[in-house]
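Q: I'm passing along entry22.cif; it holds mmCIF, C-alpha atoms and all ligand atoms.
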data_structure
loop_
_atom_site.label_atom_id
_atom_site.label_comp_id
_atom_site.auth_asym_id
_atom_site.auth_seq_id
_atom_site.Cartn_x
_atom_site.Cartn_y
_atom_site.Cartn_z
CA MET N 1 0.00 0.00 0.00
CA ALA N 2 1.38 3.40 -0.99
CA ARG N 3 2.19 5.86 1.75
CA LYS N 4 -0.24 8.66 2.53
CA LYS N 5 0.63 12.16 1.37
CA ILE N 6 0.65 15.10 3.73
CA ALA N 7 0.85 18.63 2.34
CA LEU N 8 1.93 21.38 4.71
CA ILE N 9 0.91 24.76 3.30
CA GLY N 10 3.19 27.22 5.02
CA ALA N 11 6.71 26.15 5.96
CA GLY N 12 7.32 28.58 8.79
CA MET N 13 7.75 27.75 12.48
CA ILE N 14 4.64 25.56 12.76
CA GLY N 15 4.99 24.12 9.24
CA GLY N 16 8.55 22.92 9.89
CA THR N 17 7.57 21.39 13.24
CA LEU N 18 4.58 19.67 11.63
CA ALA N 19 6.89 18.16 9.02
CA HIS N 20 9.30 16.86 11.66
CA LEU N 21 6.52 15.34 13.77
CA ALA N 22 4.73 13.78 10.77
CA ALA N 23 8.00 12.23 9.62
CA MET N 24 8.91 10.92 13.10
CA LYS N 25 5.46 9.33 13.35
CA GLU N 26 5.73 7.94 9.81
CA LEU N 27 2.31 9.36 8.92
CA GLY N 28 3.27 9.48 5.25
CA ASP N 29 5.32 11.34 2.65
CA ILE N 30 5.49 15.07 3.19
CA VAL N 31 5.40 18.11 0.93
CA LEU N 32 6.31 21.43 2.51
CA PHE N 33 4.86 24.29 0.44
CA ASP N 34 5.61 27.99 0.87
CA ILE N 35 5.84 31.13 -1.25
CA ALA N 36 9.30 31.78 0.22
CA GLU N 37 11.85 30.21 -2.09
CA GLY N 38 14.37 27.93 -0.44
CA THR N 39 12.68 27.75 2.98
CA PRO N 40 10.54 24.67 2.31
CA GLN N 41 13.34 22.99 0.35
CA GLY N 42 15.87 23.66 3.11
CA LYS N 43 13.59 22.41 5.88
CA ALA N 44 12.60 19.31 3.89
CA LEU N 45 16.25 18.40 3.31
CA ASP N 46 17.21 19.07 6.93
CA ILE N 47 14.38 16.90 8.28
CA ALA N 48 15.06 14.15 5.72
CA GLN N 49 18.63 14.04 7.00
CA SER N 50 17.37 13.33 10.51
CA GLY N 51 15.69 10.18 9.13
CA PRO N 52 18.73 7.88 9.19
CA VAL N 53 19.43 8.82 12.83
CA GLU N 54 15.82 8.54 13.98
CA GLY N 55 15.03 5.61 11.71
CA PHE N 56 11.94 6.88 9.95
CA ASP N 57 11.03 6.33 6.32
CA ALA N 58 9.29 9.27 4.68
CA ASP N 59 9.96 11.24 1.53
CA LEU N 60 10.22 14.97 2.18
CA LYS N 61 9.97 17.57 -0.52
CA GLY N 62 10.01 21.37 -0.46
CA ALA N 63 7.86 23.17 -3.03
CA ASN N 64 6.83 26.59 -4.32
CA SER N 65 4.21 25.28 -6.74
CA TYR N 66 0.74 24.04 -5.85
CA GLU N 67 1.16 21.23 -8.38
CA ASP N 68 3.37 19.49 -5.82
CA ILE N 69 0.50 19.04 -3.36
CA ALA N 70 -1.45 17.03 -5.97
CA GLY N 71 -3.45 14.19 -4.49
CA ALA N 72 -2.62 15.01 -0.86
CA ASP N 73 -4.62 13.05 1.72
CA VAL N 74 -4.20 15.76 4.35
CA CYS N 75 -3.41 19.48 4.01
CA ILE N 76 -2.41 21.45 7.10
CA VAL N 77 -2.53 25.19 6.53
CA THR N 78 -0.30 27.59 8.47
CA ALA N 79 0.36 30.01 5.60
CA GLY N 80 -0.01 33.65 6.50
CA VAL N 81 1.43 36.19 8.83
CA PRO N 82 1.27 36.36 12.61
CA ARG N 83 0.34 39.71 14.24
CA LYS N 84 3.24 42.13 14.69
CA PRO N 85 3.42 45.16 16.98
CA GLY N 86 1.36 48.05 15.58
CA MET N 87 -0.88 45.80 13.49
CA SER N 88 -4.61 45.82 14.09
CA ARG N 89 -6.65 42.61 14.00
CA ASP N 90 -8.23 43.94 10.80
CA ASP N 91 -4.80 44.33 9.18
CA LEU N 92 -4.04 40.69 9.97
CA LEU N 93 -7.51 39.64 8.84
CA GLY N 94 -7.11 41.39 5.47
CA ILE N 95 -3.66 39.92 4.77
CA ASN N 96 -4.48 36.38 5.83
CA LEU N 97 -7.84 36.42 4.05
CA LYS N 98 -5.96 36.96 0.77
CA VAL N 99 -3.65 34.09 1.70
CA MET N 100 -6.67 31.83 2.39
CA LYS N 101 -8.03 32.69 -1.07
CA ALA N 102 -4.80 31.58 -2.75
CA VAL N 103 -4.52 28.47 -0.54
CA GLY N 104 -8.20 27.54 -0.93
CA GLU N 105 -7.97 27.77 -4.71
CA GLY N 106 -4.72 25.76 -4.71
CA ILE N 107 -6.32 22.99 -2.66
CA LYS N 108 -9.47 23.02 -4.80
CA ALA N 109 -7.39 22.58 -7.98
CA HIS N 110 -4.88 20.01 -6.73
CA ALA N 111 -6.08 18.24 -3.58
CA PRO N 112 -9.89 18.36 -3.57
CA ASN N 113 -10.18 15.06 -1.68
CA ALA N 114 -7.94 16.08 1.21
CA PHE N 115 -8.85 16.49 4.86
CA VAL N 116 -7.90 20.11 5.52
CA ILE N 117 -6.79 21.42 8.90
CA CYS N 118 -6.48 25.21 9.21
CA ILE N 119 -4.21 26.74 11.85
CA THR N 120 -3.81 30.28 10.45
CA ASN N 121 -5.19 33.08 12.66
CA PRO N 122 -7.68 34.57 13.30
CA LEU N 123 -8.62 30.90 13.32
CA ASP N 124 -12.40 30.76 13.37
CA ALA N 125 -12.71 33.26 10.52
CA MET N 126 -9.83 31.85 8.46
CA VAL N 127 -11.13 28.26 8.56
CA TRP N 128 -14.55 29.50 7.44
CA ALA N 129 -13.00 31.52 4.58
CA LEU N 130 -10.71 28.65 3.58
CA ARG N 131 -13.74 26.37 3.28
CA GLU N 132 -15.58 28.97 1.19
CA TYR N 133 -12.64 29.48 -1.19
CA SER N 134 -11.83 25.76 -1.50
CA GLY N 135 -15.44 24.64 -1.93
CA LEU N 136 -14.63 21.37 -0.15
CA PRO N 137 -17.35 19.64 1.89
CA HIS N 138 -17.71 21.18 5.36
CA ASN N 139 -16.88 17.89 7.10
CA MET N 140 -13.48 17.87 5.36
CA VAL N 141 -12.36 21.31 6.56
CA VAL N 142 -11.67 21.89 10.23
CA GLY N 143 -9.78 24.35 12.43
CA MET N 144 -7.15 23.59 15.06
CA ALA N 145 -7.46 25.56 18.28
CA GLY N 146 -9.36 23.52 20.87
CA VAL N 147 -6.79 20.72 21.06
CA LEU N 148 -4.08 23.31 21.79
CA ASP N 149 -6.16 25.36 24.22
CA SER N 150 -7.23 22.15 26.01
CA ALA N 151 -3.61 20.94 26.14
CA ARG N 152 -2.62 24.22 27.80
CA PHE N 153 -5.46 23.83 30.33
CA ARG N 154 -4.45 20.19 30.97
CA HIS N 155 -0.81 21.15 31.46
CA PHE N 156 -1.69 23.82 34.04
CA LEU N 157 -4.14 21.49 35.82
CA ALA N 158 -1.63 18.61 36.00
CA ASP N 159 0.87 21.05 37.47
CA GLU N 160 -1.68 22.27 40.04
CA PHE N 161 -2.71 18.75 41.11
CA LYS N 162 0.78 17.21 40.81
CA VAL N 163 -0.53 14.35 38.70
CA SER N 164 0.41 13.00 35.27
CA VAL N 165 -0.87 15.00 32.30
CA GLU N 166 -2.02 11.63 30.93
CA ASP N 167 -4.75 11.46 33.56
CA VAL N 168 -6.05 14.99 33.05
CA THR N 169 -8.79 15.50 30.49
CA ALA N 170 -10.18 18.93 29.72
CA PHE N 171 -12.31 20.72 27.18
CA VAL N 172 -11.87 24.22 25.88
CA LEU N 173 -14.69 25.23 23.56
CA GLY N 174 -15.83 28.36 21.72
CA GLY N 175 -13.72 30.63 19.53
CA HIS N 176 -9.93 30.77 19.68
CA GLY N 177 -9.37 34.08 21.38
CA ASP N 178 -9.95 35.92 24.62
CA THR N 179 -13.50 34.57 24.68
CA MET N 180 -12.57 30.86 24.59
CA VAL N 181 -14.46 28.71 27.08
CA PRO N 182 -12.51 26.29 29.30
CA VAL N 183 -15.31 24.03 30.57
CA VAL N 184 -14.54 23.30 34.21
CA GLU N 185 -17.34 20.81 34.87
CA TYR N 186 -16.23 18.50 32.02
CA SER N 187 -12.57 18.59 33.00
CA THR N 188 -11.36 15.68 35.09
CA VAL N 189 -8.49 13.83 36.70
CA ALA N 190 -9.01 10.15 35.82
CA GLY N 191 -12.75 10.78 35.57
CA ILE N 192 -13.08 12.86 38.77
CA PRO N 193 -14.60 16.22 37.72
CA LEU N 194 -12.88 19.46 38.77
CA PRO N 195 -15.75 20.61 41.04
CA ASP N 196 -15.38 17.33 43.02
CA LEU N 197 -11.62 17.80 43.23
CA ILE N 198 -12.21 21.28 44.69
CA LYS N 199 -14.58 19.74 47.28
CA MET N 200 -11.86 17.17 48.06
CA GLY N 201 -9.49 20.04 48.86
CA TRP N 202 -7.15 19.45 45.89
CA SER N 203 -7.51 23.09 44.88
CA THR N 204 -9.78 26.07 45.34
CA SER N 205 -12.26 27.79 43.02
CA GLU N 206 -10.00 30.86 43.06
CA ARG N 207 -6.93 28.90 41.95
CA ILE N 208 -8.90 27.12 39.20
CA GLU N 209 -10.23 30.50 38.02
CA LYS N 210 -6.63 31.75 37.75
CA ILE N 211 -5.75 28.66 35.67
CA VAL N 212 -8.76 29.34 33.43
CA GLN N 213 -7.53 32.90 32.88
CA ARG N 214 -3.96 31.74 32.22
CA THR N 215 -5.31 29.26 29.64
CA ARG N 216 -7.26 32.04 27.91
CA SER N 217 -4.12 34.14 27.56
CA GLY N 218 -1.85 31.11 26.98
CA GLY N 219 -0.86 32.18 23.46
CA GLY N 220 -0.11 35.75 24.54
CA GLU N 221 2.08 34.54 27.41
CA ILE N 222 4.31 32.70 24.92
CA VAL N 223 4.37 35.62 22.44
CA GLY N 224 5.51 37.82 25.35
CA LEU N 225 8.35 35.45 26.15
CA LEU N 226 9.49 34.67 22.59
CA LYS N 227 9.14 38.29 21.40
CA THR N 228 9.79 37.28 17.75
CA GLY N 229 6.81 35.05 17.02
CA SER N 230 4.13 32.84 18.51
CA ALA N 231 3.98 29.29 19.90
CA PHE N 232 4.78 26.50 17.48
CA TYR N 233 5.66 23.24 19.24
CA ALA N 234 2.30 22.66 20.93
CA PRO N 235 0.27 24.05 17.99
CA ALA N 236 2.05 21.64 15.62
CA THR N 237 1.61 18.69 18.00
CA SER N 238 -2.11 19.49 18.19
CA GLY N 239 -2.49 19.66 14.41
CA ILE N 240 -0.73 16.31 14.06
CA ALA N 241 -3.12 14.68 16.59
CA MET N 242 -6.03 15.72 14.36
CA ALA N 243 -4.32 14.53 11.16
CA GLU N 244 -3.47 11.19 12.77
CA SER N 245 -7.05 10.65 13.90
CA TYR N 246 -8.17 11.11 10.28
CA LEU N 247 -5.41 9.07 8.62
CA LYS N 248 -5.74 6.15 11.03
CA ASP N 249 -9.54 6.41 11.40
CA LYS N 250 -9.01 6.63 15.16
CA LYS N 251 -12.31 8.42 15.73
CA ARG N 252 -10.85 10.53 18.52
CA LEU N 253 -13.16 13.00 20.23
CA LEU N 254 -11.32 16.31 19.98
CA PRO N 255 -12.35 19.94 20.43
CA CYS N 256 -12.00 21.55 16.99
CA ALA N 257 -13.41 24.51 15.08
CA ALA N 258 -16.12 22.73 13.13
CA HIS N 259 -18.93 23.90 10.89
CA LEU N 260 -22.20 24.06 12.81
CA THR N 261 -25.60 23.67 11.25
CA GLY N 262 -27.90 24.33 14.19
CA GLN N 263 -25.94 22.53 16.92
CA TYR N 264 -25.51 24.69 20.02
CA GLY N 265 -28.05 27.04 18.39
CA VAL N 266 -25.43 28.16 15.84
CA ASP N 267 -25.88 28.09 12.08
CA ASP N 268 -23.26 28.28 9.30
CA LEU N 269 -20.37 29.24 11.53
CA TYR N 270 -17.09 27.58 12.51
CA VAL N 271 -16.80 27.43 16.31
CA GLY N 272 -14.84 25.22 18.70
CA VAL N 273 -16.92 22.21 19.75
CA PRO N 274 -16.18 18.54 20.49
CA VAL N 275 -16.13 16.46 17.30
CA VAL N 276 -15.27 12.92 16.27
CA ILE N 277 -12.53 12.80 13.62
CA GLY N 278 -12.21 9.61 11.58
CA ALA N 279 -11.84 8.46 7.98
CA GLY N 280 -14.98 10.45 7.13
CA GLY N 281 -13.41 13.71 8.33
CA VAL N 282 -15.58 15.38 10.95
CA GLU N 283 -17.92 12.44 11.44
CA ARG N 284 -19.95 13.83 14.33
CA VAL N 285 -20.46 17.07 16.20
CA VAL N 286 -20.97 16.24 19.86
CA GLU N 287 -23.47 18.44 21.66
CA ILE N 288 -22.78 18.56 25.38
CA ASP N 289 -25.00 20.22 27.92
CA LEU N 290 -23.37 23.47 28.98
CA LYS N 291 -24.14 24.99 32.38
CA ASP N 292 -25.44 28.59 32.46
CA GLU N 293 -22.05 30.30 32.83
CA ALA N 294 -20.38 28.18 30.13
CA LYS N 295 -23.41 28.72 27.89
CA ALA N 296 -23.17 32.51 28.29
CA ASN N 297 -19.41 32.43 27.63
CA PHE N 298 -19.97 30.24 24.57
CA GLN N 299 -22.48 32.77 23.21
CA THR N 300 -20.00 35.65 23.74
CA SER N 301 -17.47 33.60 21.85
CA VAL N 302 -19.92 32.92 19.00
CA ASP N 303 -20.71 36.65 18.77
CA ALA N 304 -16.98 37.43 18.48
CA VAL N 305 -16.64 34.91 15.62
CA LYS N 306 -19.69 36.46 13.88
CA GLU N 307 -18.04 39.90 14.05
CA LEU N 308 -14.93 38.52 12.35
CA LEU N 309 -17.02 37.07 9.52
CA VAL N 310 -18.72 40.43 8.99
CA ALA N 311 -15.23 41.96 8.66
CA CYS N 312 -14.21 39.23 6.14
CA LYS N 313 -17.32 39.84 4.05
CA GLY N 314 -16.57 43.58 4.16
CA ILE N 315 -13.10 42.94 2.75
CA ASP N 316 -14.17 40.41 0.08
CA SER N 317 -17.74 40.82 -1.17
CA SER N 318 -17.57 37.45 -2.98
CA LEU N 319 -17.92 35.86 0.47
CA ASN N 320 -21.42 37.28 0.96
P1 LIG T 401 5.46 31.81 10.35
O1 LIG T 401 6.68 31.17 10.95
O2 LIG T 401 5.49 33.26 10.00
O3 LIG T 401 5.07 30.94 9.04
C1 LIG T 401 4.11 31.33 8.12
C2 LIG T 401 4.60 30.93 6.75
O4 LIG T 401 3.56 31.22 5.80
C3 LIG T 401 5.85 31.70 6.29
O5 LIG T 401 6.89 30.78 5.99
C4 LIG T 401 5.37 32.45 5.05
O6 LIG T 401 6.36 32.55 4.03
C5 LIG T 401 4.21 31.57 4.60
N1 LIG T 401 3.25 32.24 3.71
C6 LIG T 401 2.82 33.52 3.73
N2 LIG T 401 1.95 33.74 2.72
C7 LIG T 401 1.83 32.56 2.06
C8 LIG T 401 1.07 32.13 0.94
N3 LIG T 401 0.27 32.97 0.28
N4 LIG T 401 1.18 30.84 0.55
C9 LIG T 401 2.00 29.99 1.20
N5 LIG T 401 2.73 30.33 2.27
C10 LIG T 401 2.65 31.60 2.69
O7 LIG T 401 4.22 31.61 11.31
P2 LIG T 401 3.90 30.36 12.28
O8 LIG T 401 4.21 29.08 11.60
O9 LIG T 401 4.48 30.64 13.63
O10 LIG T 401 2.30 30.55 12.43
C11 LIG T 401 1.48 30.33 11.32
C12 LIG T 401 0.05 30.79 11.60
O11 LIG T 401 -0.50 30.01 12.66
C13 LIG T 401 -0.09 32.26 12.04
O12 LIG T 401 -1.22 32.83 11.40
C14 LIG T 401 -0.32 32.15 13.54
O13 LIG T 401 -1.02 33.27 14.04
C15 LIG T 401 -1.14 30.88 13.60
N6 LIG T 401 -1.20 30.21 14.91
C16 LIG T 401 -2.39 29.68 15.27
C17 LIG T 401 -2.53 29.03 16.47
C18 LIG T 401 -3.85 28.46 16.86
O14 LIG T 401 -3.98 27.86 17.89
C19 LIG T 401 -4.99 28.62 15.98
C20 LIG T 401 -1.42 28.89 17.33
C21 LIG T 401 -0.21 29.43 16.92
C22 LIG T 401 -0.10 30.10 15.71
#
Is it possible to express this structure as structure tokens?
A:
Amino acid sequence: MARKKIALIGAGMIGGTLAHLAAMKELGDIVLFDIAEGTPQGKALDIAQSGPVEGFDADLKGANSYEDIAGADVCIVTAGVPRKPGMSRDDLLGINLKVMKAVGEGIKAHAPNAFVICITNPLDAMVWALREYSGLPHNMVVGMAGVLDSARFRHFLADEFKVSVEDVTAFVLGGHGDTMVPVVEYSTVAGIPLPDLIKMGWSTSERIEKIVQRTRSGGGEIVGLLKTGSAFYAPATSGIAMAESYLKDKKRLLPCAAHLTGQYGVDDLYVGVPVVIGAGGVERVVEIDLKDEAKANFQTSVDAVKELLVACKGIDSSLN
């Protein structure tokens, strides 16, 4: 059986890390695509040369032409620019919307059967636009944010409780931004919900609230430390978990930005919700019962995503 093909659109910090992880996990052959000449080729060669040491078999290729992504089984999109000092969210939105148009058309022409994972920010708007421009079925286009936000929450919780991260499960729903919704009542240590752990004296509501806030600003904390860019190790790891669930038909239940058609009272919008990812792409949107506070936060988050889409449609009238 031929190896799967993974196309990474954008060969920057996340793109390069995605390529390394995909190769180490032998998920398939990898094409790194970027508009920058030399960058994808250099990274592909560098990673390929780690193969003999690590012992993985995967072909790696750098490309500047969309023809090289032909027939990809998975496309992971990180193309675009991150926000720089002095740039408004609208500036970023305008630039990355143009990038999504080029990427969407490239995927439509060369990899129309791929499962597409968008990571480019502002996530919830970019994944929606990418789907519009590519014309792919909604279940085959998904956004990565919830896996990363949940991983951050899980890391902080494991640290608080002094237990293995393996035993901490957590859900962060809603949009990827200040309004994201870490759902405390569905977060557990080996099945014991957080509210019970507070009753057991493992932590206090105040400390958990601080962790919730730190999770919400988790990306900003790293930008502040790095100064030259945003997080890339954990975002890439999260994107790979989603790709692996699709390629291996694992049917993992992961929080992702998925297209809603009435679930959670939301229509024709991409918002972070729990979904099952398997060979059929997004096979199921899981509707969990949200308590009043989480429900209100979720709605605030949905409203923020709606505002972004209005801005997108203002920039490109073909999206109306
Ligand atoms: P960076 O290292 O700048 O890489 C972006 C790459 O995109 C660069 O190599 C560019 O040359 C390339 N590029 C620009 N325009 C095009 C184009 N039209 N076609 C192909 N390639 C192009 O950024 P990064 O890898 O650190 O981050 C990538 C994106 O992910 C940014 O938008 C970040 O804001 C976003 N991000 C999202 C999350 C989420 O959780 C959603 C987390 C971290 C970063």
Q: Residues up to 9 Å from ligand LIG 401 (chain T), counting all atoms listed in the file: could you list those as a PyMOL selection string?
A: chain N and resi 9-17+33-37+39-40+64+77-83+92+95-96+98-103+118-124+143-149+176-177+219+229-236+238
Q: Would you write out those residues with C-alpha atoms, as an mmCIF file, keeping the file's coordinate frame?
A:
data_model
loop_
_atom_site.group_PDB
_atom_site.id
_atom_site.type_symbol
_atom_site.label_atom_id
_atom_site.label_comp_id
_atom_site.auth_asym_id
_atom_site.auth_seq_id
_atom_site.Cartn_x
_atom_site.Cartn_y
_atom_site.Cartn_z
ATOM 1 C CA ILE N 9 0.910 24.760 3.300
ATOM 2 C CA GLY N 10 3.190 27.220 5.020
ATOM 3 C CA ALA N 11 6.710 26.150 5.960
ATOM 4 C CA GLY N 12 7.320 28.580 8.790
ATOM 5 C CA MET N 13 7.750 27.750 12.480
ATOM 6 C CA ILE N 14 4.640 25.560 12.760
ATOM 7 C CA GLY N 15 4.990 24.120 9.240
ATOM 8 C CA GLY N 16 8.550 22.920 9.890
ATOM 9 C CA THR N 17 7.570 21.390 13.240
ATOM 10 C CA PHE N 33 4.860 24.290 0.440
ATOM 11 C CA ASP N 34 5.610 27.990 0.870
ATOM 12 C CA ILE N 35 5.840 31.130 -1.250
ATOM 13 C CA ALA N 36 9.300 31.780 0.220
ATOM 14 C CA GLU N 37 11.850 30.210 -2.090
ATOM 15 C CA THR N 39 12.680 27.750 2.980
ATOM 16 C CA PRO N 40 10.540 24.670 2.310
ATOM 17 C CA ASN N 64 6.830 26.590 -4.320
ATOM 18 C CA VAL N 77 -2.530 25.190 6.530
ATOM 19 C CA THR N 78 -0.300 27.590 8.470
ATOM 20 C CA ALA N 79 0.360 30.010 5.600
ATOM 21 C CA GLY N 80 -0.010 33.650 6.500
ATOM 22 C CA VAL N 81 1.430 36.190 8.830
ATOM 23 C CA PRO N 82 1.270 36.360 12.610
ATOM 24 C CA ARG N 83 0.340 39.710 14.240
ATOM 25 C CA LEU N 92 -4.040 40.690 9.970
ATOM 26 C CA ILE N 95 -3.660 39.920 4.770
ATOM 27 C CA ASN N 96 -4.480 36.380 5.830
ATOM 28 C CA LYS N 98 -5.960 36.960 0.770
ATOM 29 C CA VAL N 99 -3.650 34.090 1.700
ATOM 30 C CA MET N 100 -6.670 31.830 2.390
ATOM 31 C CA LYS N 101 -8.030 32.690 -1.070
ATOM 32 C CA ALA N 102 -4.800 31.580 -2.750
ATOM 33 C CA VAL N 103 -4.520 28.470 -0.540
ATOM 34 C CA CYS N 118 -6.480 25.210 9.210
ATOM 35 C CA ILE N 119 -4.210 26.740 11.850
ATOM 36 C CA THR N 120 -3.810 30.280 10.450
ATOM 37 C CA ASN N 121 -5.190 33.080 12.660
ATOM 38 C CA PRO N 122 -7.680 34.570 13.300
ATOM 39 C CA LEU N 123 -8.620 30.900 13.320
ATOM 40 C CA ASP N 124 -12.400 30.760 13.370
ATOM 41 C CA GLY N 143 -9.780 24.350 12.430
ATOM 42 C CA MET N 144 -7.150 23.590 15.060
ATOM 43 C CA ALA N 145 -7.460 25.560 18.280
ATOM 44 C CA GLY N 146 -9.360 23.520 20.870
ATOM 45 C CA VAL N 147 -6.790 20.720 21.060
ATOM 46 C CA LEU N 148 -4.080 23.310 21.790
ATOM 47 C CA ASP N 149 -6.160 25.360 24.220
ATOM 48 C CA HIS N 176 -9.930 30.770 19.680
ATOM 49 C CA GLY N 177 -9.370 34.080 21.380
ATOM 50 C CA GLY N 219 -0.860 32.180 23.460
ATOM 51 C CA GLY N 229 6.810 35.050 17.020
ATOM 52 C CA SER N 230 4.130 32.840 18.510
ATOM 53 C CA ALA N 231 3.980 29.290 19.900
ATOM 54 C CA PHE N 232 4.780 26.500 17.480
ATOM 55 C CA TYR N 233 5.660 23.240 19.240
ATOM 56 C CA ALA N 234 2.300 22.660 20.930
ATOM 57 C CA PRO N 235 0.270 24.050 17.990
ATOM 58 C CA ALA N 236 2.050 21.640 15.620
ATOM 59 C CA SER N 238 -2.110 19.490 18.190
#
Q: Compare N:Leu136, N:Leu253, N:Met87, N:Ala22 by their minimum atom-to-atom distance to Asp57 in chain N, counting all atoms listed in the file, and give me the closest one.
A: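 Result for the nearest residue to Asp57 in chain N: N:Ala22.
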Q: How many Å lie between CA of Asn139 in chain N and CA of Val282 in chain N, rounded to one decimal?
A: 4.8 Å
Q: Go through N:Gly62, N:Gly280, N:Gly135, N:Gly224 one by one, measure the shortest atom-to-atom distance of each to Lys248 in chain N using only C-alpha atoms, and give the residue with the smallest value.
A: N:Gly280
Q: Rank nothing, just name the residue among N:Glu185, N:Ser318, N:Ala243, N:Ile222 nearest to Asp289 in chain N, using all atoms listed in the file.
A: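 Smallest distance to Asp289 in chain N is found for N:Glu185.
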Q: Please provide the set of residues having any atom within 9 Å of Gly28 in chain N, restricted to all atoms listed in the file, with same-chain residues fewer than 5 positions apart removed, written as a PyMOL selection string.
A: chain N and resi 2-6+22-23+57-59
Q: Please compute the CA of Glu67 in chain N-CA of Glu105 in chain N distance, one decimal, in Å.
A: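 Atom-to-atom, CA of Glu67 in chain N and CA of Glu105 in chain N are spaced 11.8 Å apart.
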Q: Could you name the residues that touch Asp159 in chain N at 12 Å or less, counting only C-alpha atoms, but leaving out those on the same chain fewer than 2 positions away, as number ranges by chain?
A: N: 152-157, 161-168, 189, 202-203, 207-208, 211
